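The file final-v1.pdb contains PDB, C-alpha atoms and all ligand atoms:
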ATOM      1  CA  MET A1057     -64.673 -63.456 134.892  1.00  0.00           C
ATOM      2  CA  ALA A1058     -62.735 -60.597 136.439  1.00  0.00           C
ATOM      3  CA  LYS A1059     -59.114 -60.505 135.503  1.00  0.00           C
ATOM      4  CA  LEU A1060     -56.876 -62.030 138.133  1.00  0.00           C
ATOM      5  CA  VAL A1061     -54.319 -59.906 139.914  1.00  0.00           C
ATOM      6  CA  TRP A1062     -51.314 -61.712 138.458  1.00  0.00           C
ATOM      7  CA  GLN A1063     -52.778 -61.528 134.959  1.00  0.00           C
ATOM      8  CA  ASP A1064     -53.301 -57.805 135.219  1.00  0.00           C
ATOM      9  CA  ALA A1065     -49.790 -57.296 136.595  1.00  0.00           C
ATOM     10  CA  ARG A1066     -48.255 -59.333 133.765  1.00  0.00           C
ATOM     11  CA  GLU A1067     -50.291 -57.670 131.060  1.00  0.00           C
ATOM     12  CA  ARG A1068     -49.388 -54.207 132.261  1.00  0.00           C
ATOM     13  CA  ALA A1069     -45.721 -55.159 132.489  1.00  0.00           C
ATOM     14  CA  GLN A1070     -45.882 -56.474 128.921  1.00  0.00           C
ATOM     15  CA  ASN A1071     -47.548 -53.250 127.882  1.00  0.00           C
ATOM     16  CA  VAL A1072     -44.724 -51.240 129.409  1.00  0.00           C
ATOM     17  CA  LEU A1073     -42.190 -53.402 127.552  1.00  0.00           C
ATOM     18  CA  ASP A1074     -44.080 -52.894 124.291  1.00  0.00           C
ATOM     19  CA  ASN A1075     -44.084 -49.131 124.755  1.00  0.00           C
ATOM     20  CA  TYR A1076     -40.821 -48.305 126.514  1.00  0.00           C
ATOM     21  CA  TRP A1077     -38.298 -51.111 126.118  1.00  0.00           C
ATOM     22  CA  ASP A1078     -35.492 -50.945 123.544  1.00  0.00           C
ATOM     23  CA  GLY A1079     -35.351 -54.745 123.299  1.00  0.00           C
ATOM     24  CA  ARG A1080     -31.968 -55.041 125.001  1.00  0.00           C
ATOM     25  CA  PHE A1081     -30.912 -56.871 128.136  1.00  0.00           C
ATOM     26  CA  PRO A1082     -30.813 -56.178 130.932  1.00  0.00           C
ATOM     27  CA  VAL A1083     -33.993 -54.127 130.715  1.00  0.00           C
ATOM     28  CA  LYS A1084     -33.090 -50.512 131.539  1.00  0.00           C
ATOM     29  CA  ILE A1085     -35.421 -50.123 134.449  1.00  0.00           C
ATOM     30  CA  ALA A1086     -34.343 -46.635 135.590  1.00  0.00           C
ATOM     31  CA  THR A1087     -34.816 -45.231 132.074  1.00  0.00           C
ATOM     32  CA  ILE A1088     -38.224 -46.851 131.763  1.00  0.00           C
ATOM     33  CA  SER A1089     -39.293 -45.644 135.211  1.00  0.00           C
ATOM     34  CA  ARG A1090     -38.294 -42.082 134.343  1.00  0.00           C
ATOM     35  CA  ALA A1091     -40.096 -42.239 130.997  1.00  0.00           C
ATOM     36  CA  MET A1092     -43.261 -43.343 132.782  1.00  0.00           C
ATOM     37  CA  GLY A1093     -43.147 -40.444 135.217  1.00  0.00           C
ATOM     38  CA  VAL A1094     -41.557 -42.060 138.257  1.00  0.00           C
ATOM     39  CA  THR A1095     -38.183 -40.453 138.908  1.00  0.00           C
ATOM     40  CA  PRO A1096     -35.824 -42.938 140.572  1.00  0.00           C
ATOM     41  CA  TYR A1097     -33.340 -41.937 143.279  1.00  0.00           C
ATOM     42  CA  GLN A1098     -30.702 -43.810 145.203  1.00  0.00           C
ATOM     43  CA  ALA A1099     -30.575 -42.779 148.828  1.00  0.00           C
ATOM     44  CA  SER A1100     -29.620 -43.860 152.291  1.00  0.00           C
ATOM     45  CA  LEU A1101     -33.013 -44.942 153.563  1.00  0.00           C
ATOM     46  CA  PRO A1102     -34.121 -45.452 157.160  1.00  0.00           C
ATOM     47  CA  ALA A1103     -32.837 -48.659 158.749  1.00  0.00           C
ATOM     48  CA  GLY A1104     -34.674 -51.704 157.508  1.00  0.00           C
ATOM     49  CA  VAL A1105     -36.167 -50.002 154.455  1.00  0.00           C
ATOM     50  CA  SER A1106     -34.949 -51.114 151.024  1.00  0.00           C
ATOM     51  CA  GLY A1107     -37.160 -48.960 148.832  1.00  0.00           C
ATOM     52  CA  MET A1108     -40.161 -46.701 148.589  1.00  0.00           C
ATOM     53  CA  VAL A1109     -42.398 -44.854 146.180  1.00  0.00           C
ATOM     54  CA  VAL A1110     -44.148 -41.587 146.952  1.00  0.00           C
ATOM     55  CA  LYS A1111     -46.834 -39.810 144.967  1.00  0.00           C
ATOM     56  CA  LYS A1112     -48.454 -36.573 146.132  1.00  0.00           C
ATOM     57  CA  PRO A1113     -51.408 -34.966 144.376  1.00  0.00           C
ATOM     58  CA  LYS A1114     -50.354 -32.945 141.310  1.00  0.00           C
ATOM     59  CA  GLU A1115     -46.703 -33.850 141.791  1.00  0.00           C
ATOM     60  CA  PRO A1116     -44.591 -36.314 139.863  1.00  0.00           C
ATOM     61  CA  ALA A1117     -43.947 -39.616 141.596  1.00  0.00           C
ATOM     62  CA  ARG A1118     -40.531 -40.463 143.001  1.00  0.00           C
ATOM     63  CA  SER A1119     -39.060 -43.799 143.923  1.00  0.00           C
ATOM     64  CA  TYR A1120     -36.106 -44.470 146.210  1.00  0.00           C
ATOM     65  CA  VAL A1121     -33.822 -47.424 146.555  1.00  0.00           C
ATOM     66  CA  GLU A1122     -31.290 -48.060 149.294  1.00  0.00           C
ATOM     67  CA  SER A1123     -27.915 -47.193 147.778  1.00  0.00           C
ATOM     68  CA  SER A1124     -25.969 -49.792 149.778  1.00  0.00           C
ATOM     69  CA  GLU A1125     -27.857 -52.727 148.275  1.00  0.00           C
ATOM     70  CA  SER A1126     -26.559 -54.737 145.327  1.00  0.00           C
ATOM     71  CA  GLU A1127     -27.381 -53.617 141.806  1.00  0.00           C
ATOM     72  CA  THR A1128     -29.617 -56.609 141.158  1.00  0.00           C
ATOM     73  CA  ARG A1129     -31.634 -55.834 144.304  1.00  0.00           C
ATOM     74  CA  ARG A1130     -31.864 -52.159 143.437  1.00  0.00           C
ATOM     75  CA  ARG A1131     -33.088 -52.990 139.942  1.00  0.00           C
ATOM     76  CA  PHE A1132     -35.771 -55.286 141.260  1.00  0.00           C
ATOM     77  CA  THR A1133     -36.843 -52.759 143.880  1.00  0.00           C
ATOM     78  CA  LEU A1134     -37.126 -50.030 141.225  1.00  0.00           C
ATOM     79  CA  ALA A1135     -39.300 -52.300 139.108  1.00  0.00           C
ATOM     80  CA  HIS A1136     -41.370 -53.209 142.179  1.00  0.00           C
ATOM     81  CA  GLU A1137     -41.952 -49.526 142.996  1.00  0.00           C
ATOM     82  CA  LEU A1138     -42.977 -48.927 139.397  1.00  0.00           C
ATOM     83  CA  GLY A1139     -45.444 -51.786 139.868  1.00  0.00           C
ATOM     84  CA  HIS A1140     -46.999 -49.981 142.835  1.00  0.00           C
ATOM     85  CA  TYR A1141     -47.257 -46.851 140.731  1.00  0.00           C
ATOM     86  CA  VAL A1142     -48.928 -48.668 137.838  1.00  0.00           C
ATOM     87  CA  GLU A1143     -51.357 -50.425 140.147  1.00  0.00           C
ATOM     88  CA  ARG A1144     -52.310 -47.205 141.948  1.00  0.00           C
ATOM     89  CA  VAL A1145     -52.376 -44.760 139.043  1.00  0.00           C
ATOM     90  CA  GLU A1146     -53.452 -46.854 136.075  1.00  0.00           C
ATOM     91  CA  VAL A1147     -55.611 -49.469 137.761  1.00  0.00           C
ATOM     92  CA  SER A1148     -57.101 -47.477 140.651  1.00  0.00           C
ATOM     93  CA  ASP A1149     -56.736 -43.856 139.482  1.00  0.00           C
ATOM     94  CA  ASP A1150     -55.160 -42.849 142.788  1.00  0.00           C
ATOM     95  CA  ASP A1151     -52.774 -39.868 142.861  1.00  0.00           C
ATOM     96  CA  ASP A1152     -51.862 -39.748 146.540  1.00  0.00           C
ATOM     97  CA  PHE A1153     -50.100 -42.779 147.947  1.00  0.00           C
ATOM     98  CA  SER A1154     -46.851 -44.171 149.253  1.00  0.00           C
ATOM     99  CA  PHE A1155     -45.382 -47.593 149.834  1.00  0.00           C
ATOM    100  CA  ALA A1156     -42.226 -48.581 151.675  1.00  0.00           C
ATOM    101  CA  GLU A1157     -40.438 -51.901 151.417  1.00  0.00           C
ATOM    102  CA  LYS A1158     -39.265 -53.239 154.732  1.00  0.00           C
ATOM    103  CA  ARG A1159     -36.459 -55.748 154.761  1.00  0.00           C
ATOM    104  CA  GLU A1160     -38.108 -57.744 157.490  1.00  0.00           C
ATOM    105  CA  PRO A1161     -40.950 -59.691 156.032  1.00  0.00           C
ATOM    106  CA  GLY A1162     -44.200 -58.275 157.267  1.00  0.00           C
ATOM    107  CA  ARG A1163     -47.549 -57.694 155.719  1.00  0.00           C
ATOM    108  CA  TYR A1164     -47.693 -59.296 152.292  1.00  0.00           C
ATOM    109  CA  ASP A1165     -50.898 -58.114 150.709  1.00  0.00           C
ATOM    110  CA  LEU A1166     -52.278 -57.880 147.200  1.00  0.00           C
ATOM    111  CA  HIS A1167     -50.418 -54.628 146.547  1.00  0.00           C
ATOM    112  CA  GLU A1168     -47.101 -56.336 147.276  1.00  0.00           C
ATOM    113  CA  PHE A1169     -48.076 -59.381 145.273  1.00  0.00           C
ATOM    114  CA  TYR A1170     -48.995 -57.167 142.325  1.00  0.00           C
ATOM    115  CA  ALA A1171     -45.758 -55.184 142.495  1.00  0.00           C
ATOM    116  CA  ASP A1172     -43.640 -58.354 142.661  1.00  0.00           C
ATOM    117  CA  GLU A1173     -45.420 -60.028 139.765  1.00  0.00           C
ATOM    118  CA  PHE A1174     -45.119 -56.828 137.729  1.00  0.00           C
ATOM    119  CA  ALA A1175     -41.410 -56.461 138.526  1.00  0.00           C
ATOM    120  CA  GLY A1176     -40.641 -60.063 137.589  1.00  0.00           C
ATOM    121  CA  ALA A1177     -42.507 -59.765 134.313  1.00  0.00           C
ATOM    122  CA  LEU A1178     -40.872 -56.449 133.451  1.00  0.00           C
ATOM    123  CA  LEU A1179     -37.266 -57.428 134.180  1.00  0.00           C
ATOM    124  CA  MET A1180     -37.572 -60.981 132.821  1.00  0.00           C
ATOM    125  CA  PRO A1181     -39.746 -60.702 129.712  1.00  0.00           C
ATOM    126  CA  GLU A1182     -41.816 -63.839 129.437  1.00  0.00           C
ATOM    127  CA  GLU A1183     -40.955 -65.033 125.963  1.00  0.00           C
ATOM    128  CA  HIS A1184     -37.216 -64.619 126.439  1.00  0.00           C
ATOM    129  CA  PHE A1185     -37.284 -66.142 129.903  1.00  0.00           C
ATOM    130  CA  LEU A1186     -39.193 -69.222 128.719  1.00  0.00           C
ATOM    131  CA  ASN A1187     -36.905 -69.603 125.708  1.00  0.00           C
ATOM    132  CA  MET A1188     -33.861 -69.730 127.954  1.00  0.00           C
ATOM    133  CA  LEU A1189     -35.527 -72.352 130.142  1.00  0.00           C
ATOM    134  CA  ASP A1190     -36.407 -74.391 127.051  1.00  0.00           C
ATOM    135  CA  GLU A1191     -32.800 -74.208 125.919  1.00  0.00           C
ATOM    136  CA  GLY A1192     -31.828 -75.726 129.259  1.00  0.00           C
ATOM    137  CA  ARG A1193     -29.878 -72.667 130.407  1.00  0.00           C
ATOM    138  CA  SER A1194     -29.050 -72.526 134.097  1.00  0.00           C
ATOM    139  CA  LEU A1195     -30.754 -70.112 136.453  1.00  0.00           C
ATOM    140  CA  ILE A1196     -27.358 -68.508 137.003  1.00  0.00           C
ATOM    141  CA  ASP A1197     -27.082 -67.744 133.271  1.00  0.00           C
ATOM    142  CA  ILE A1198     -30.645 -66.539 133.229  1.00  0.00           C
ATOM    143  CA  ALA A1199     -30.199 -64.278 136.267  1.00  0.00           C
ATOM    144  CA  ALA A1200     -27.048 -62.787 134.698  1.00  0.00           C
ATOM    145  CA  LYS A1201     -28.759 -62.111 131.372  1.00  0.00           C
ATOM    146  CA  PHE A1202     -31.680 -60.295 132.995  1.00  0.00           C
ATOM    147  CA  GLY A1203     -29.655 -58.493 135.661  1.00  0.00           C
ATOM    148  CA  VAL A1204     -31.572 -59.984 138.551  1.00  0.00           C
ATOM    149  CA  SER A1205     -30.678 -62.037 141.610  1.00  0.00           C
ATOM    150  CA  LEU A1206     -30.788 -65.817 141.499  1.00  0.00           C
ATOM    151  CA  ASP A1207     -33.728 -65.647 143.916  1.00  0.00           C
ATOM    152  CA  ALA A1208     -35.653 -63.361 141.583  1.00  0.00           C
ATOM    153  CA  ALA A1209     -35.033 -65.688 138.621  1.00  0.00           C
ATOM    154  CA  ARG A1210     -36.105 -68.694 140.663  1.00  0.00           C
ATOM    155  CA  LYS A1211     -39.250 -66.896 141.775  1.00  0.00           C
ATOM    156  CA  ARG A1212     -40.098 -65.928 138.202  1.00  0.00           C
ATOM    157  CA  ARG A1213     -39.734 -69.559 137.142  1.00  0.00           C
ATOM    158  CA  GLU A1214     -42.032 -70.653 139.983  1.00  0.00           C
ATOM    159  CA  ARG A1215     -44.610 -68.050 139.071  1.00  0.00           C
ATOM    160  CA  LEU A1216     -44.581 -69.093 135.406  1.00  0.00           C
ATOM    161  CA  GLU A1217     -44.922 -72.755 136.376  1.00  0.00           C
ATOM    162  CA  LYS A1218     -47.787 -72.011 138.760  1.00  0.00           C
ATOM    163  CA  ASN A1219     -49.596 -69.764 136.308  1.00  0.00           C
ATOM    164  CA  PRO A1220     -48.367 -70.586 132.821  1.00  0.00           C
ATOM    165  CA  PRO A1221     -48.960 -68.008 130.110  1.00  0.00           C
ATOM    166  CA  GLN A1222     -52.266 -68.648 128.382  1.00  0.00           C
ATOM    167  CA  LYS A1223     -52.522 -68.666 124.660  1.00  0.00           C
ATOM    168  CA  ASP A1224     -55.669 -66.975 123.413  1.00  0.00           C
TER
HETATM  169 ZN    ZN B   1     -44.022 -52.946 147.853  1.00  0.00          ZN
END
Target format C-alpha cells, applied to this file:
Amino acid sequence: MAKLVWQDARERAQNVLDNYWDGRFPVKIATISRAMGVTPYQASLPAGVSGMVVKKPKEPARSYVESSESETRRRFTLAHELGHYVERVEVSDDDDFSFAEKREPGRYDLHEFYADEFAGALLMPEEHFLNMLDEGRSLIDIAAKFGVSLDAARKRRERLEKNPPQKD
C-alpha cells in the first residue's frame, strides 16, 4: 500500500529531528530551517498573508513570516513552510515553486495538509508529546513546553488521536 500523506509527513519530520535537532525544547525551528537550506526571514508581508516560501531554480529557498504575528505563530509558520519545501524538494524533486499562507481560510489541499502535519510533528515531537499527555499535563503546559499556540497543541493531539502512531 502506498504510504499515506500524513505518514510521509510525520516520517520526514522525525527524520529532520533525528538529523538536525539538538534534543532541546522548544525545537529551534529557524536554526533547523537554515541548516536544511531554507533561509528564514521576518518581513512585513502583503495584507492577509502570514507566511510564504519561495524556491527558484538553482537558488536557495527562502521563507518569510509576518513579523507582527506572535512568536508561536511565526514558529509554526516557519515549520509549515519547511514542510512545503520538504514535500516539494524531497518528495517531488521540484526546484521551482512557491506557496503563500493566507490568513483567510481558502483552499485547503494536500500540500497544506502535508505542511501542517509536518509542522506539528516537527515542533511537537511525538514521543515527548504523548508522554506529556500520559502524565496528564494540561494543553497549556504542553503548548508552553513546545513553544506553540494552544490551538496548535490541540490540533496535534487530535491528529495523534485520529491517526495514532503505529508500532512496527
Ligand atoms: Zn501552506
Box centre and edge lengths (Å, one decimal), axis-aligned, segment 1203-1213 of chain A plus 3 Å each side, as AutoDock Vina command-line options:
--center_x -34.9 --center_y -64.0 --center_z 139.8 --size_x 16.4 --size_y 17.1 --size_z 14.3
Among listed residues A:Asp1165, A:Asp1172, A:Asp1149, A:Glu1137, nearest Ala1065 of chain A (using only C-alpha atoms) = A:Asp1172
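Using all atoms listed in the file, we find that the residues with an atom at most 6 Å from any atom of ligand ZN 1 (chain B) are A:Phe1155, A:Glu1157, A:Glu1168.
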Limited to C-alpha atoms, could you put the picked residues into a file as a PDB file, keeping the file's coordinate frame?
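What ended up in out_26.pdb:
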ATOM      1  CA  PHE A1155     -45.382 -47.593 149.834  1.00  0.00           C
ATOM      2  CA  GLU A1157     -40.438 -51.901 151.417  1.00  0.00           C
ATOM      3  CA  GLU A1168     -47.101 -56.336 147.276  1.00  0.00           C
TER       4      GLU A1168
END
So that each row is one residue of segment 1117-1190 of chain A with an atom at most 10 Å from segment 1071-1095 of chain A, can you give its shortest atom pair and the distance in Å to one decimal, using all atoms listed in the file, rows by chain and rising number, as a Markdown table?
| residue | atom | partner | partner_atom | distance |
| --- | --- | --- | --- | --- |
| A:Ala1117 | CA | A:Val1094 | CA | 4.8 |
| A:Arg1118 | CA | A:Thr1095 | CA | 4.7 |
| A:Ser1119 | CA | A:Thr1095 | CA | 6.1 |
| A:Tyr1120 | CA | A:Thr1095 | CA | 8.6 |
| A:Arg1130 | CA | A:Ile1085 | CA | 9.9 |
| A:Arg1131 | CA | A:Ile1085 | CA | 6.6 |
| A:Phe1132 | CA | A:Ile1085 | CA | 8.6 |
| A:Thr1133 | CA | A:Ile1085 | CA | 9.9 |
| A:Leu1134 | CA | A:Ile1085 | CA | 7.0 |
| A:Ala1135 | CA | A:Ile1085 | CA | 6.4 |
| A:Glu1137 | CA | A:Val1094 | CA | 8.9 |
| A:Leu1138 | CA | A:Ser1089 | CA | 6.5 |
| A:Gly1139 | CA | A:Ser1089 | CA | 9.9 |
| A:Tyr1141 | CA | A:Val1094 | CA | 7.8 |
| A:Val1142 | CA | A:Met1092 | CA | 9.3 |
| A:Ala1175 | CA | A:Ile1085 | CA | 9.6 |
| A:Ala1177 | CA | A:Leu1073 | CA | 9.3 |
| A:Leu1178 | CA | A:Leu1073 | CA | 6.8 |
| A:Leu1179 | CA | A:Val1083 | CA | 5.8 |
| A:Met1180 | CA | A:Val1083 | CA | 8.0 |
| A:Pro1181 | CA | A:Leu1073 | CA | 8.0 |
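The interatomic distance for the pair atom CA of Arg1212 of chain A and atom CA of Arg1068 of chain A works out to 16.1 Å.
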Mind completing segment 1126-1137 of chain A with all heavy atoms? Output as a PDB file, in the coordinates of the input, please?
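The result, stored in selection_21.pdb:
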ATOM      1  N   SER A1126     -27.190 -54.322 146.574  1.00  0.00           N
ATOM      2  CA  SER A1126     -26.559 -54.737 145.327  1.00  0.00           C
ATOM      3  C   SER A1126     -27.362 -54.213 144.133  1.00  0.00           C
ATOM      4  O   SER A1126     -28.549 -53.890 144.260  1.00  0.00           O
ATOM      5  CB  SER A1126     -26.495 -56.262 145.254  1.00  0.00           C
ATOM      6  OG  SER A1126     -27.807 -56.774 145.155  1.00  0.00           O
ATOM      7  N   GLU A1127     -26.702 -54.151 142.987  1.00  0.00           N
ATOM      8  CA  GLU A1127     -27.381 -53.617 141.806  1.00  0.00           C
ATOM      9  C   GLU A1127     -28.597 -54.454 141.430  1.00  0.00           C
ATOM     10  O   GLU A1127     -29.641 -53.914 141.046  1.00  0.00           O
ATOM     11  CB  GLU A1127     -26.410 -53.530 140.626  1.00  0.00           C
ATOM     12  CG  GLU A1127     -27.034 -52.756 139.485  1.00  0.00           C
ATOM     13  CD  GLU A1127     -26.176 -52.687 138.230  1.00  0.00           C
ATOM     14  OE1 GLU A1127     -25.077 -53.257 138.229  1.00  0.00           O
ATOM     15  OE2 GLU A1127     -26.644 -52.061 137.260  1.00  0.00           O
ATOM     16  N   THR A1128     -28.468 -55.772 141.532  1.00  0.00           N
ATOM     17  CA  THR A1128     -29.617 -56.609 141.158  1.00  0.00           C
ATOM     18  C   THR A1128     -30.807 -56.334 142.073  1.00  0.00           C
ATOM     19  O   THR A1128     -31.943 -56.254 141.618  1.00  0.00           O
ATOM     20  CB  THR A1128     -29.263 -58.117 141.197  1.00  0.00           C
ATOM     21  OG1 THR A1128     -28.737 -58.438 142.482  1.00  0.00           O
ATOM     22  CG2 THR A1128     -28.264 -58.469 140.126  1.00  0.00           C
ATOM     23  N   ARG A1129     -30.538 -56.142 143.369  1.00  0.00           N
ATOM     24  CA  ARG A1129     -31.634 -55.834 144.304  1.00  0.00           C
ATOM     25  C   ARG A1129     -32.236 -54.475 143.992  1.00  0.00           C
ATOM     26  O   ARG A1129     -33.445 -54.294 144.028  1.00  0.00           O
ATOM     27  CB  ARG A1129     -31.119 -55.838 145.753  1.00  0.00           C
ATOM     28  CG  ARG A1129     -30.728 -57.209 146.232  1.00  0.00           C
ATOM     29  CD  ARG A1129     -31.650 -57.808 147.247  1.00  0.00           C
ATOM     30  NE  ARG A1129     -32.719 -56.954 147.734  1.00  0.00           N
ATOM     31  CZ  ARG A1129     -33.350 -57.143 148.869  1.00  0.00           C
ATOM     32  NH1 ARG A1129     -32.980 -58.121 149.657  1.00  0.00           N
ATOM     33  NH2 ARG A1129     -34.328 -56.367 149.233  1.00  0.00           N
ATOM     34  N   ARG A1130     -31.362 -53.511 143.728  1.00  0.00           N
ATOM     35  CA  ARG A1130     -31.864 -52.159 143.437  1.00  0.00           C
ATOM     36  C   ARG A1130     -32.722 -52.162 142.178  1.00  0.00           C
ATOM     37  O   ARG A1130     -33.741 -51.496 142.125  1.00  0.00           O
ATOM     38  CB  ARG A1130     -30.690 -51.186 143.283  1.00  0.00           C
ATOM     39  CG  ARG A1130     -30.100 -50.751 144.623  1.00  0.00           C
ATOM     40  CD  ARG A1130     -29.068 -49.657 144.450  1.00  0.00           C
ATOM     41  NE  ARG A1130     -27.735 -50.198 144.268  1.00  0.00           N
ATOM     42  CZ  ARG A1130     -26.982 -50.036 143.188  1.00  0.00           C
ATOM     43  NH1 ARG A1130     -27.421 -49.334 142.166  1.00  0.00           N
ATOM     44  NH2 ARG A1130     -25.791 -50.572 143.119  1.00  0.00           N
ATOM     45  N   ARG A1131     -32.302 -52.918 141.176  1.00  0.00           N
ATOM     46  CA  ARG A1131     -33.088 -52.990 139.942  1.00  0.00           C
ATOM     47  C   ARG A1131     -34.465 -53.581 140.207  1.00  0.00           C
ATOM     48  O   ARG A1131     -35.477 -53.077 139.729  1.00  0.00           O
ATOM     49  CB  ARG A1131     -32.349 -53.858 138.894  1.00  0.00           C
ATOM     50  CG  ARG A1131     -31.160 -53.173 138.251  1.00  0.00           C
ATOM     51  CD  ARG A1131     -30.323 -54.144 137.395  1.00  0.00           C
ATOM     52  NE  ARG A1131     -31.125 -54.986 136.518  1.00  0.00           N
ATOM     53  CZ  ARG A1131     -31.737 -54.548 135.417  1.00  0.00           C
ATOM     54  NH1 ARG A1131     -31.602 -53.303 135.037  1.00  0.00           N
ATOM     55  NH2 ARG A1131     -32.448 -55.375 134.678  1.00  0.00           N
ATOM     56  N   PHE A1132     -34.474 -54.652 140.988  1.00  0.00           N
ATOM     57  CA  PHE A1132     -35.771 -55.286 141.260  1.00  0.00           C
ATOM     58  C   PHE A1132     -36.663 -54.350 142.077  1.00  0.00           C
ATOM     59  O   PHE A1132     -37.862 -54.219 141.806  1.00  0.00           O
ATOM     60  CB  PHE A1132     -35.606 -56.638 141.978  1.00  0.00           C
ATOM     61  CG  PHE A1132     -36.869 -57.471 141.937  1.00  0.00           C
ATOM     62  CD1 PHE A1132     -37.103 -58.349 140.883  1.00  0.00           C
ATOM     63  CD2 PHE A1132     -37.840 -57.347 142.918  1.00  0.00           C
ATOM     64  CE1 PHE A1132     -38.285 -59.095 140.815  1.00  0.00           C
ATOM     65  CE2 PHE A1132     -39.028 -58.085 142.856  1.00  0.00           C
ATOM     66  CZ  PHE A1132     -39.241 -58.961 141.802  1.00  0.00           C
ATOM     67  N   THR A1133     -36.052 -53.687 143.057  1.00  0.00           N
ATOM     68  CA  THR A1133     -36.843 -52.759 143.880  1.00  0.00           C
ATOM     69  C   THR A1133     -37.431 -51.638 143.025  1.00  0.00           C
ATOM     70  O   THR A1133     -38.607 -51.290 143.163  1.00  0.00           O
ATOM     71  CB  THR A1133     -35.987 -52.174 145.033  1.00  0.00           C
ATOM     72  OG1 THR A1133     -35.494 -53.262 145.828  1.00  0.00           O
ATOM     73  CG2 THR A1133     -36.800 -51.239 145.917  1.00  0.00           C
ATOM     74  N   LEU A1134     -36.621 -51.086 142.122  1.00  0.00           N
ATOM     75  CA  LEU A1134     -37.126 -50.030 141.225  1.00  0.00           C
ATOM     76  C   LEU A1134     -38.324 -50.513 140.414  1.00  0.00           C
ATOM     77  O   LEU A1134     -39.319 -49.802 140.262  1.00  0.00           O
ATOM     78  CB  LEU A1134     -36.044 -49.612 140.227  1.00  0.00           C
ATOM     79  CG  LEU A1134     -35.174 -48.415 140.518  1.00  0.00           C
ATOM     80  CD1 LEU A1134     -34.426 -48.034 139.250  1.00  0.00           C
ATOM     81  CD2 LEU A1134     -36.005 -47.252 141.028  1.00  0.00           C
ATOM     82  N   ALA A1135     -38.208 -51.735 139.912  1.00  0.00           N
ATOM     83  CA  ALA A1135     -39.300 -52.300 139.108  1.00  0.00           C
ATOM     84  C   ALA A1135     -40.529 -52.550 139.990  1.00  0.00           C
ATOM     85  O   ALA A1135     -41.670 -52.340 139.570  1.00  0.00           O
ATOM     86  CB  ALA A1135     -38.848 -53.599 138.443  1.00  0.00           C
ATOM     87  N   HIS A1136     -40.280 -52.975 141.220  1.00  0.00           N
ATOM     88  CA  HIS A1136     -41.370 -53.209 142.179  1.00  0.00           C
ATOM     89  C   HIS A1136     -42.089 -51.894 142.492  1.00  0.00           C
ATOM     90  O   HIS A1136     -43.320 -51.839 142.499  1.00  0.00           O
ATOM     91  CB  HIS A1136     -40.765 -53.846 143.436  1.00  0.00           C
ATOM     92  CG  HIS A1136     -41.717 -54.054 144.570  1.00  0.00           C
ATOM     93  ND1 HIS A1136     -42.261 -55.289 144.873  1.00  0.00           N
ATOM     94  CD2 HIS A1136     -42.218 -53.196 145.494  1.00  0.00           C
ATOM     95  CE1 HIS A1136     -43.054 -55.174 145.937  1.00  0.00           C
ATOM     96  NE2 HIS A1136     -43.044 -53.918 146.346  1.00  0.00           N
ATOM     97  N   GLU A1137     -41.326 -50.836 142.700  1.00  0.00           N
ATOM     98  CA  GLU A1137     -41.952 -49.526 142.996  1.00  0.00           C
ATOM     99  C   GLU A1137     -42.761 -49.046 141.786  1.00  0.00           C
ATOM    100  O   GLU A1137     -43.834 -48.468 141.940  1.00  0.00           O
ATOM    101  CB  GLU A1137     -40.899 -48.480 143.367  1.00  0.00           C
ATOM    102  CG  GLU A1137     -40.009 -48.824 144.562  1.00  0.00           C
ATOM    103  CD  GLU A1137     -40.760 -49.279 145.790  1.00  0.00           C
ATOM    104  OE1 GLU A1137     -41.931 -48.905 145.981  1.00  0.00           O
ATOM    105  OE2 GLU A1137     -40.173 -50.046 146.583  1.00  0.00           O
TER     106      GLU A1137
END
